[in-house]
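Novice: Dumping the structure here so I can ask a few things about it.
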Amino acid sequence: MAKIVGGFQDPSSEVLAEAAAVFGLLASAARLHIMWALSQGESDVTHLADRVGGALPAVSQHLAKLKLAGLVRSRREGRRQVYYVDDPDIVTVVRVLVGQLTARETSSGAPDRLREAGV
C-alpha cells in the first residue's frame, strides 16, 4: 500500500520504473540536447544534427531510441521525416531542468556540483 507523506502519495513501483527509464534515456547529453532542441520546435534529422553538432547517423540512432520510448514522434513531409515532442510534460521537464541549471551556472559561475560528486 502506498504511503501518503506531506499530502503526496508515493507512486507505484511501475511508475517509478518508467520514470527511471525516461531519465535513463535523458542521461545522455546528446539525447538531452536533441530533446532540448525539439522542445523549441519540430525539426528534421539534418537540421537536428547541425544544431546539436552530431553526426547524422548518431542523431538518427538517438531519435530512434527516443521514438521507441514514446518521447518523440515523427511524421513524413515529402522525403523528410520531421520529429517533434508530442508530450507537453516532457517538454516542461526538459525546459525546467536545463533552464535551472543554465541560470545557476550563469548567476553563480559555480562549478558543477553533480560532476564533482561523480554523478
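Labels used: A, B, ... for chains in the order of the C-alpha cells, numbers from 1 for residues in each chain, and numbers from 1 for ligands as shown.
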Mind the document's chain letters and residue numbers, and return as JSON, numbers by chain the residues of chain A that DSSP labels alpha helix (DSSP H).

Specialist: {"A": [13, 14, 15, 16, 17, 18, 19, 20, 21, 22, 23, 24, 25, 26, 29, 30, 31, 32, 33, 34, 35, 36, 37, 38, 39, 40, 45, 46, 47, 48, 49, 50, 51, 52, 56, 57, 58, 59, 60, 61, 62, 63, 64, 65, 66, 67, 68, 88, 89, 90, 91, 92, 93, 94, 95, 96, 97, 98, 99, 100, 101, 102, 103, 104, 105, 106, 107, 108, 113, 114, 115, 116]}

Novice: Determine, counting only C-alpha atoms, which protein, DNA and RNA residues have an atom within 12 Å of an atom of Ala49 in chain A; residues of the same chain fewer than 3 positions away are not included. Present the result as a list in words.

Specialist: Ala30, Arg31, His33, Ile34, Ala37, Leu38, Ser43, Asp44, Val45, Thr46, Val52, Gly53, Gly54, Ala55, Leu56, Pro57, Ala58, Val59, Ser60, Gln61, His62 and Leu63 of chain A

Novice: Pick from A:Gln40, A:Ala69, A:Ala64, A:Arg51: nearest to Tyr84 in chain A, with only C-alpha atoms counted?

Specialist: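 When distances to Tyr84 in chain A are compared using only C-alpha atoms, the smallest one comes from A:Gln40.
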
Novice: Would you tabulate, counting only C-alpha atoms, all residues of range 27-118 of chain A that have an atom at most 12 Å from an atom of range 11-20 of chain A, showing the closest pair of atoms and their distance in Å to one decimal, sorted by chain then ascending number, as a tab-separated table?

Specialist:
residue	atom	partner	partner_atom	distance
A:Ala27	CA	A:Ala20	CA	10.1
A:Ala69	CA	A:Glu18	CA	9.9
A:Gly70	CA	A:Glu18	CA	11.4
A:Leu71	CA	A:Ala19	CA	11.8
A:Ile90	CA	A:Ala19	CA	11.0
A:Val93	CA	A:Ala19	CA	11.7

Novice: Once you have the residues from the selection above, write them out as an mmCIF file, in the first residue's frame, restricted to all heavy atoms.

Specialist:
data_model
loop_
_atom_site.group_PDB
_atom_site.id
_atom_site.type_symbol
_atom_site.label_atom_id
_atom_site.label_comp_id
_atom_site.auth_asym_id
_atom_site.auth_seq_id
_atom_site.Cartn_x
_atom_site.Cartn_y
_atom_site.Cartn_z
ATOM 1 N N ALA A 27 19.706 10.737 -19.751
ATOM 2 C CA ALA A 27 21.019 10.848 -19.111
ATOM 3 C C ALA A 27 22.136 11.026 -20.127
ATOM 4 O O ALA A 27 23.247 11.394 -19.774
ATOM 5 C CB ALA A 27 21.291 9.620 -18.238
ATOM 6 N N ALA A 69 10.803 4.865 -27.229
ATOM 7 C CA ALA A 69 10.377 5.087 -25.846
ATOM 8 C C ALA A 69 9.121 5.964 -25.763
ATOM 9 O O ALA A 69 8.579 6.153 -24.675
ATOM 10 C CB ALA A 69 11.511 5.732 -25.055
ATOM 11 N N GLY A 70 8.691 6.501 -26.896
ATOM 12 C CA GLY A 70 7.496 7.338 -26.895
ATOM 13 C C GLY A 70 7.741 8.776 -26.488
ATOM 14 O O GLY A 70 6.800 9.507 -26.194
ATOM 15 N N LEU A 71 9.015 9.193 -26.451
ATOM 16 C CA LEU A 71 9.320 10.571 -26.065
ATOM 17 C C LEU A 71 9.230 11.538 -27.240
ATOM 18 O O LEU A 71 9.007 12.728 -27.044
ATOM 19 C CB LEU A 71 10.710 10.656 -25.425
ATOM 20 C CG LEU A 71 10.868 9.878 -24.120
ATOM 21 C CD1 LEU A 71 12.286 10.027 -23.585
ATOM 22 C CD2 LEU A 71 9.857 10.313 -23.089
ATOM 23 N N ILE A 90 6.881 16.296 -20.906
ATOM 24 C CA ILE A 90 8.302 16.048 -21.166
ATOM 25 C C ILE A 90 8.991 17.354 -21.549
ATOM 26 O O ILE A 90 10.097 17.646 -21.099
ATOM 27 C CB ILE A 90 8.492 14.978 -22.270
ATOM 28 C CG1 ILE A 90 7.977 13.622 -21.797
ATOM 29 C CG2 ILE A 90 9.942 14.888 -22.713
ATOM 30 C CD1 ILE A 90 8.744 13.022 -20.635
ATOM 31 N N VAL A 93 9.587 19.275 -18.351
ATOM 32 C CA VAL A 93 10.688 18.715 -17.553
ATOM 33 C C VAL A 93 12.039 19.123 -18.137
ATOM 34 O O VAL A 93 12.924 19.589 -17.411
ATOM 35 C CB VAL A 93 10.580 17.169 -17.466
ATOM 36 C CG1 VAL A 93 11.846 16.559 -16.912
ATOM 37 C CG2 VAL A 93 9.381 16.771 -16.625
#

Novice: I'd like to know which residues of range 77-108 of chain A are strand (DSSP E or B) (by DSSP, run on the backbone); could you write them as a PyMOL selection string?

Specialist: chain A and resi 77+80-84

Novice: Grab the residues selected above and save them as a PDB file, in the first residue's frame with C-alpha atoms.

Specialist:
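Done, and the output landed in selection-v4.pdb:
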ATOM      1  CA  GLU A  77       6.718  15.602 -45.131  1.00  0.00           C
ATOM      2  CA  ARG A  80      11.757  14.333 -44.958  1.00  0.00           C
ATOM      3  CA  GLN A  81      10.909  12.804 -41.604  1.00  0.00           C
ATOM      4  CA  VAL A  82      10.003  15.598 -39.167  1.00  0.00           C
ATOM      5  CA  TYR A  83      10.442  14.920 -35.442  1.00  0.00           C
ATOM      6  CA  TYR A  84       8.615  16.579 -32.574  1.00  0.00           C
TER       7      TYR A  84
END

Novice: May I have the residues within 9 Å of Val91 in chain A as a list of chain:residue names, using only C-alpha atoms and disregarding those fewer than 3 positions away in the same chain?

Specialist: A:Met35, A:Trp36, A:Leu38, A:Ser39, A:Gln40, A:Val85, A:Asp86, A:Asp87, A:Pro88, A:Val94, A:Arg95, A:Val96

Novice: Give me a file of those residues, with all heavy atoms, as a compact mmCIF listing (two decimals), in the first residue's frame.

Specialist:
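Output (result-v5.txt):
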# COMPACT_ATOMS: atom_id res chain seq x y z
N MET A 35 16.43 16.53 -27.26
CA MET A 35 15.14 16.83 -26.64
C MET A 35 14.99 18.33 -26.40
O MET A 35 13.90 18.88 -26.58
CB MET A 35 14.97 16.05 -25.33
CG MET A 35 14.80 14.56 -25.53
SD MET A 35 13.31 14.11 -26.42
CE MET A 35 12.06 14.58 -25.24
N TRP A 36 16.07 18.99 -25.97
CA TRP A 36 16.04 20.43 -25.77
C TRP A 36 15.70 21.13 -27.10
O TRP A 36 14.83 22.00 -27.15
CB TRP A 36 17.37 20.94 -25.24
CG TRP A 36 17.46 22.43 -25.20
CD1 TRP A 36 18.09 23.24 -26.08
CD2 TRP A 36 16.85 23.29 -24.25
NE1 TRP A 36 17.94 24.55 -25.74
CE2 TRP A 36 17.18 24.62 -24.61
CE3 TRP A 36 16.07 23.08 -23.10
CZ2 TRP A 36 16.74 25.73 -23.88
CZ3 TRP A 36 15.64 24.19 -22.38
CH2 TRP A 36 15.98 25.48 -22.77
N LEU A 38 14.19 19.87 -29.72
CA LEU A 38 12.82 19.56 -30.13
C LEU A 38 11.78 20.23 -29.22
O LEU A 38 10.65 20.45 -29.65
CB LEU A 38 12.60 18.05 -30.17
CG LEU A 38 13.32 17.32 -31.30
CD1 LEU A 38 13.12 15.81 -31.18
CD2 LEU A 38 12.86 17.82 -32.66
N SER A 39 12.17 20.56 -28.00
CA SER A 39 11.23 21.27 -27.13
C SER A 39 11.02 22.71 -27.61
O SER A 39 10.05 23.35 -27.25
CB SER A 39 11.70 21.25 -25.67
OG SER A 39 12.75 22.18 -25.46
N GLN A 40 11.94 23.18 -28.46
CA GLN A 40 11.82 24.52 -29.04
C GLN A 40 11.00 24.51 -30.33
O GLN A 40 10.55 25.54 -30.78
CB GLN A 40 13.21 25.10 -29.33
CG GLN A 40 14.19 25.04 -28.19
CD GLN A 40 13.68 25.68 -26.91
OE1 GLN A 40 13.24 26.81 -26.93
NE2 GLN A 40 13.71 24.94 -25.82
N VAL A 85 8.22 16.65 -30.19
CA VAL A 85 7.83 16.12 -28.89
C VAL A 85 6.34 16.37 -28.76
O VAL A 85 5.90 17.51 -28.85
CB VAL A 85 8.60 16.81 -27.73
CG1 VAL A 85 8.20 16.22 -26.40
CG2 VAL A 85 10.10 16.70 -27.94
N ASP A 86 5.59 15.31 -28.57
CA ASP A 86 4.14 15.41 -28.52
C ASP A 86 3.62 15.36 -27.09
O ASP A 86 2.44 15.20 -26.87
CB ASP A 86 3.52 14.29 -29.36
CG ASP A 86 2.04 14.51 -29.62
OD1 ASP A 86 1.63 15.68 -29.73
OD2 ASP A 86 1.30 13.52 -29.72
N ASP A 87 4.49 15.48 -26.11
CA ASP A 87 4.10 15.38 -24.71
C ASP A 87 4.53 16.66 -24.00
O ASP A 87 5.71 16.86 -23.72
CB ASP A 87 4.76 14.16 -24.07
CG ASP A 87 4.33 13.93 -22.64
OD1 ASP A 87 3.81 14.86 -21.99
OD2 ASP A 87 4.53 12.80 -22.15
N PRO A 88 3.58 17.55 -23.70
CA PRO A 88 3.95 18.82 -23.07
C PRO A 88 4.64 18.65 -21.72
O PRO A 88 5.44 19.49 -21.31
CB PRO A 88 2.63 19.58 -22.93
CG PRO A 88 1.56 18.58 -23.16
CD PRO A 88 2.14 17.44 -23.92
N VAL A 94 12.20 18.98 -19.44
CA VAL A 94 13.47 19.31 -20.09
C VAL A 94 13.75 20.80 -19.96
O VAL A 94 14.85 21.21 -19.59
CB VAL A 94 13.47 18.86 -21.57
CG1 VAL A 94 14.67 19.42 -22.31
CG2 VAL A 94 13.44 17.34 -21.65
N ARG A 95 12.76 21.64 -20.24
CA ARG A 95 12.96 23.08 -20.17
C ARG A 95 13.29 23.55 -18.76
O ARG A 95 14.17 24.38 -18.56
CB ARG A 95 11.73 23.82 -20.69
CG ARG A 95 11.60 23.79 -22.19
CD ARG A 95 10.41 24.59 -22.65
NE ARG A 95 10.31 24.61 -24.10
CZ ARG A 95 9.28 25.09 -24.75
NH1 ARG A 95 8.26 25.61 -24.08
NH2 ARG A 95 9.26 25.08 -26.07
N VAL A 96 12.57 23.02 -17.78
CA VAL A 96 12.81 23.44 -16.39
C VAL A 96 14.20 23.01 -15.94
O VAL A 96 14.97 23.82 -15.39
CB VAL A 96 11.72 22.88 -15.44
CG1 VAL A 96 12.12 23.04 -13.99
CG2 VAL A 96 10.39 23.57 -15.71
